[in-house]
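Remarks on the structure that follows.
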Amino acid sequence: MSTIHIDRLLETCVKRGASDLHLYVGRSPTLRLHGRLRSLETKPLEPEDTVALMKAITPERNQQELQEQGGTDFGFEFGTAGRFRTSVFMQRGNISICLRLIPSKLLSFEDIGLPQIVKSICRRPRGIFLVTGPTGSGKTTTLATMIDYINESFDRHIVTIEDPIEYYHYHKKSLVNQREVGVDVPSFSEALRRVLRMDPDVILVGELRDLETIEAALRAAETGHLVFGTLHTTTAHRTVTRIVDIFPTSQQEQIRVQLSESMVAVLCQALMPRCDVRGMTAAFEFMYVTNAIANLIRENKVFRIPSSIQTGRKYGMQLLDDHLFQLWVDGRIDKVEALDHAQSAGELQDKIEATESGKPLPPPGARVLQQEGDSEK
């Protein structure tokens, strides 16, 4: 199997609008198309096929890492179509490859459906803004849109720390330096340690994956920088809990205080297939840190954050389940997708069933209160 073949597979991925290409021994090349896996009509790949495909795209340094560590990640340019973020790994002694297409065209706030208040947060001189969600929920695309907006609108020095670099940003009104972990710098924490000497205004940390990186990101936010980062949490209050829990118990109170002072917003997102047209749509939970929410973080009352989000609509705040319900009402996603991605599937189901039968909507938390009442009987 030659280089031409990998080019043909990548072209098919781009032409069909797929988000991912999977190349595994014993299976035909498979695309992820609008959230669903679809095999191409070719013969299943042999072990020598995946070896040849890997060699056609993998830099020498990464081939070495694959041999030593059993896996490697990198990105590469594919003409004008975009970049592919690539994960090559060993399984059952064979080489497997997963490629994610990062389109070259950046989306706008309107394309993604972000709350307009996010634009004003991008003007902020300091603070930490987290974009969270499971793998494949579009966090990278959302962050790239924010960075591009800052780049086009303000004169800032933006430094990104990524593993690997996905979207390329070029100097516009701002200066942009992108550092790739493993190529330009050995680790996220090392990059963050050095970044403050580079006179940055805005810092993007690809992933807040350990205590050292989170600590450095909080310090950067406190010392007058706007910091963007990602976590794999699914709701705003769980994001706060996850960060606090990473630290030893003796430090947690201090971290709550730091978070309450430096966190500006959390945007949680989930990506799912649309049912009205071909394509995907995102559902968002958005928390803007008001004084009331900062107090809840400081006083370790994060369980009250969802009700503060519900009353904070004027700031563009919304719960994920409320947005899923709205997407279902608008006919953009089906009921199954809404319930699959819901945080409280039971409550959302009650709302959907009430709407379908024309009854008034149950009040928030009704199912919980009912269950508590049943358990007392």
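By convention in this document, the chains of the structure tokens carry letters A, B, ... by their order, each chain's residues are numbered from 1, and ligands are numbered from 1 in the order they are shown.
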*Hey, what's within 10 Å of Lys119 (chain A) if we count only C-alpha atoms and toss same-chain stuff fewer than 3 positions away? As a list in words, please?*
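In the requested form, the answer reads Phe109, Leu114, Pro115, Gln116, Cys122, Arg123, Arg124, Met146, Tyr149 and Ile150 of chain A.
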Could you write out that same residue set with C-alpha atoms as a compact mmCIF listing (two decimals), in the first residue's frame?
# COMPACT_ATOMS: atom_id res chain seq x y z
CA PHE A 109 -19.21 32.64 17.40
CA LEU A 114 -21.68 30.59 21.64
CA PRO A 115 -23.30 33.00 24.15
CA GLN A 116 -22.49 36.60 23.13
CA CYS A 122 -12.28 37.57 25.59
CA ARG A 123 -11.56 41.28 26.26
CA ARG A 124 -10.72 40.57 29.90
CA MET A 146 -12.04 32.47 20.74
CA TYR A 149 -11.53 36.50 17.69
CA ILE A 150 -8.90 37.94 20.06
*Could you give me, as a ChimeraX atom specification, the residues within 6 Å of Asp163 (chain A), counting only C-alpha atoms and dropping anything in the same chain fewer than 2 positions from it?*
/A:165,180-181
*Compile the contact shell of Asp155 (chain A) as a ChimeraX atom specification: residues with an atom at most 9 Å away, counting only C-alpha atoms, same-chain residues fewer than 6 positions apart removed.*
/A:172-175
Save out the residues we just selected, N, CA, C and O atoms, as a tab-separated table (two decimals), in the first residue's frame.
chain	number	residue	atom	x	y	z
A	172	LYS	N	-2.20	38.41	13.30
A	172	LYS	CA	-3.14	39.37	12.69
A	172	LYS	C	-2.96	40.67	13.46
A	172	LYS	O	-1.90	41.28	13.40
A	173	LYS	N	-4.00	41.06	14.25
A	173	LYS	CA	-3.81	42.26	15.08
A	173	LYS	C	-2.94	41.90	16.29
A	173	LYS	O	-2.23	42.73	16.84
A	174	SER	N	-3.02	40.65	16.70
A	174	SER	CA	-2.21	40.15	17.82
A	174	SER	C	-0.97	39.44	17.29
A	174	SER	O	-0.86	39.14	16.10
A	175	LEU	N	-0.04	39.16	18.22
A	175	LEU	CA	1.09	38.26	17.94
A	175	LEU	C	0.71	36.89	18.48
A	175	LEU	O	0.18	36.79	19.59
*Pick out the closest residue to Thr86 (chain A) from this set: A:Leu271, A:Ile112, A:Leu23, A:Ile128. Count only C-alpha atoms.*
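Among the listed residues, the smallest separation from Thr86 (chain A) belongs to A:Leu23.
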*Skipping near chain neighbours, those fewer than 2 positions away, what residues fall within 8 Å of region 263-268 of chain A using only C-alpha atoms, listed as a ChimeraX atom specification?*
/A:121,127-133,233-236,239,259-261,270,284-289,320
*For CA of Ala354 (chain A) and CA of His341 (chain A), quote the distance in Å rounded to one decimal.*
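Computing it gives 19.2 Å between the two atoms.
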*Enter the distance from CA of Ile255 (chain A) to CA of Val185 (chain A), in Å, rounded to one decimal.*
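Interatomic distance here is 27.1 Å.
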*Which distance in Å separates CA of His237 (chain A) and CA of Ser189 (chain A), to one decimal?*
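Atom-to-atom, CA of His237 (chain A) and CA of Ser189 (chain A) are spaced 24.8 Å apart.
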*Using only C-alpha atoms, determine which residues lie at most 7 Å from His225 (chain A), disregarding the query and same-chain residues fewer than 4 positions distant; provide the list as a list in words.*
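Residues meeting the cut-off are Pro125, Arg126, Gly127, Asp201, Val202, Ala220 and Ala221 of chain A.
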*Can you check which residues of region 134-364 of chain A DSSP gives as strand (DSSP E or B) on the backbone and send them as number ranges by chain?*
A: 157-162, 175-181, 185, 202-205, 226-231, 263-273, 280-288, 318
*Could you give me the residues within region 119-288 of chain A that DSSP places in alpha helix (DSSP H), as a ChimeraX atom specification?*
/A:119-122,139-153,188-195,211-222,236-246,249-262
*asked:* When you look at Ser19 (chain A) with a cut-off of 6 Å (counting only C-alpha atoms), what residues show up, excluding the ones that are within fewer than 3 positions of it in the same chain? I need them as a ChimeraX atom specification.
replied: /A:32,100-101
Restrict the selected residues to N, CA and C atoms and save them as a compact mmCIF listing (two decimals), in the first residue's frame.
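File written: part.txt
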# COMPACT_ATOMS: atom_id res chain seq x y z
N ARG A 32 -15.75 8.43 10.59
CA ARG A 32 -16.83 8.87 11.51
C ARG A 32 -17.53 10.02 10.80
N ARG A 100 -7.90 12.61 13.14
CA ARG A 100 -9.01 13.56 13.27
C ARG A 100 -8.75 14.76 12.35
N LEU A 101 -9.74 15.09 11.53
CA LEU A 101 -9.61 16.21 10.61
C LEU A 101 -9.87 17.53 11.33
Need the shell around Asp148 (chain A): protein/DNA/RNA residues with any atom at most 10 Å away, counting only C-alpha atoms. Skip same-chain ones fewer than 5 positions apart. Format as a CSV table (one decimal) with N, CA and C atoms, in the first residue's frame?
chain,number,residue,atom,x,y,z
A,106,LEU,N,-11.7,28.5,10.2
A,106,LEU,CA,-12.2,28.7,11.6
A,106,LEU,C,-13.6,29.1,11.6
A,107,LEU,N,-14.4,28.7,12.6
A,107,LEU,CA,-15.8,29.0,12.7
A,107,LEU,C,-16.0,30.4,13.5
A,108,SER,N,-17.1,31.0,13.3
A,108,SER,CA,-17.4,32.2,14.0
A,108,SER,C,-18.2,31.9,15.3
A,142,THR,N,-13.9,25.3,19.6
A,142,THR,CA,-14.5,26.5,20.3
A,142,THR,C,-13.3,27.4,20.8
A,143,LEU,N,-12.2,26.8,21.3
A,143,LEU,CA,-11.1,27.6,21.8
A,143,LEU,C,-10.4,28.3,20.6
A,153,SER,N,-9.3,41.1,16.8
A,153,SER,CA,-9.9,42.2,17.4
A,153,SER,C,-9.0,43.1,18.3
A,167,TYR,N,-5.2,23.7,15.3
A,167,TYR,CA,-5.5,24.8,14.3
A,167,TYR,C,-4.2,25.7,14.3
A,168,TYR,N,-3.8,26.1,13.1
A,168,TYR,CA,-2.7,27.1,13.0
A,168,TYR,C,-3.3,28.5,13.1
A,169,HIS,N,-2.7,29.4,13.9
A,169,HIS,CA,-3.1,30.8,14.0
A,169,HIS,C,-1.9,31.6,13.4
A,170,TYR,N,-2.2,32.6,12.7
A,170,TYR,CA,-1.2,33.5,12.1
A,170,TYR,C,-1.3,34.9,12.7
A,171,HIS,N,-0.2,35.6,12.7
A,171,HIS,CA,-0.2,37.0,13.3
A,171,HIS,C,-1.2,37.9,12.6
A,172,LYS,N,-2.2,38.4,13.3
A,172,LYS,CA,-3.1,39.4,12.7
A,172,LYS,C,-3.0,40.7,13.5
A,173,LYS,N,-4.0,41.1,14.3
A,173,LYS,CA,-3.8,42.3,15.1
A,173,LYS,C,-2.9,41.9,16.3
A,174,SER,N,-3.0,40.6,16.7
A,174,SER,CA,-2.2,40.1,17.8
A,174,SER,C,-1.0,39.4,17.3
A,176,VAL,N,0.9,35.8,17.7
A,176,VAL,CA,0.6,34.5,18.2
A,176,VAL,C,1.8,33.6,18.1
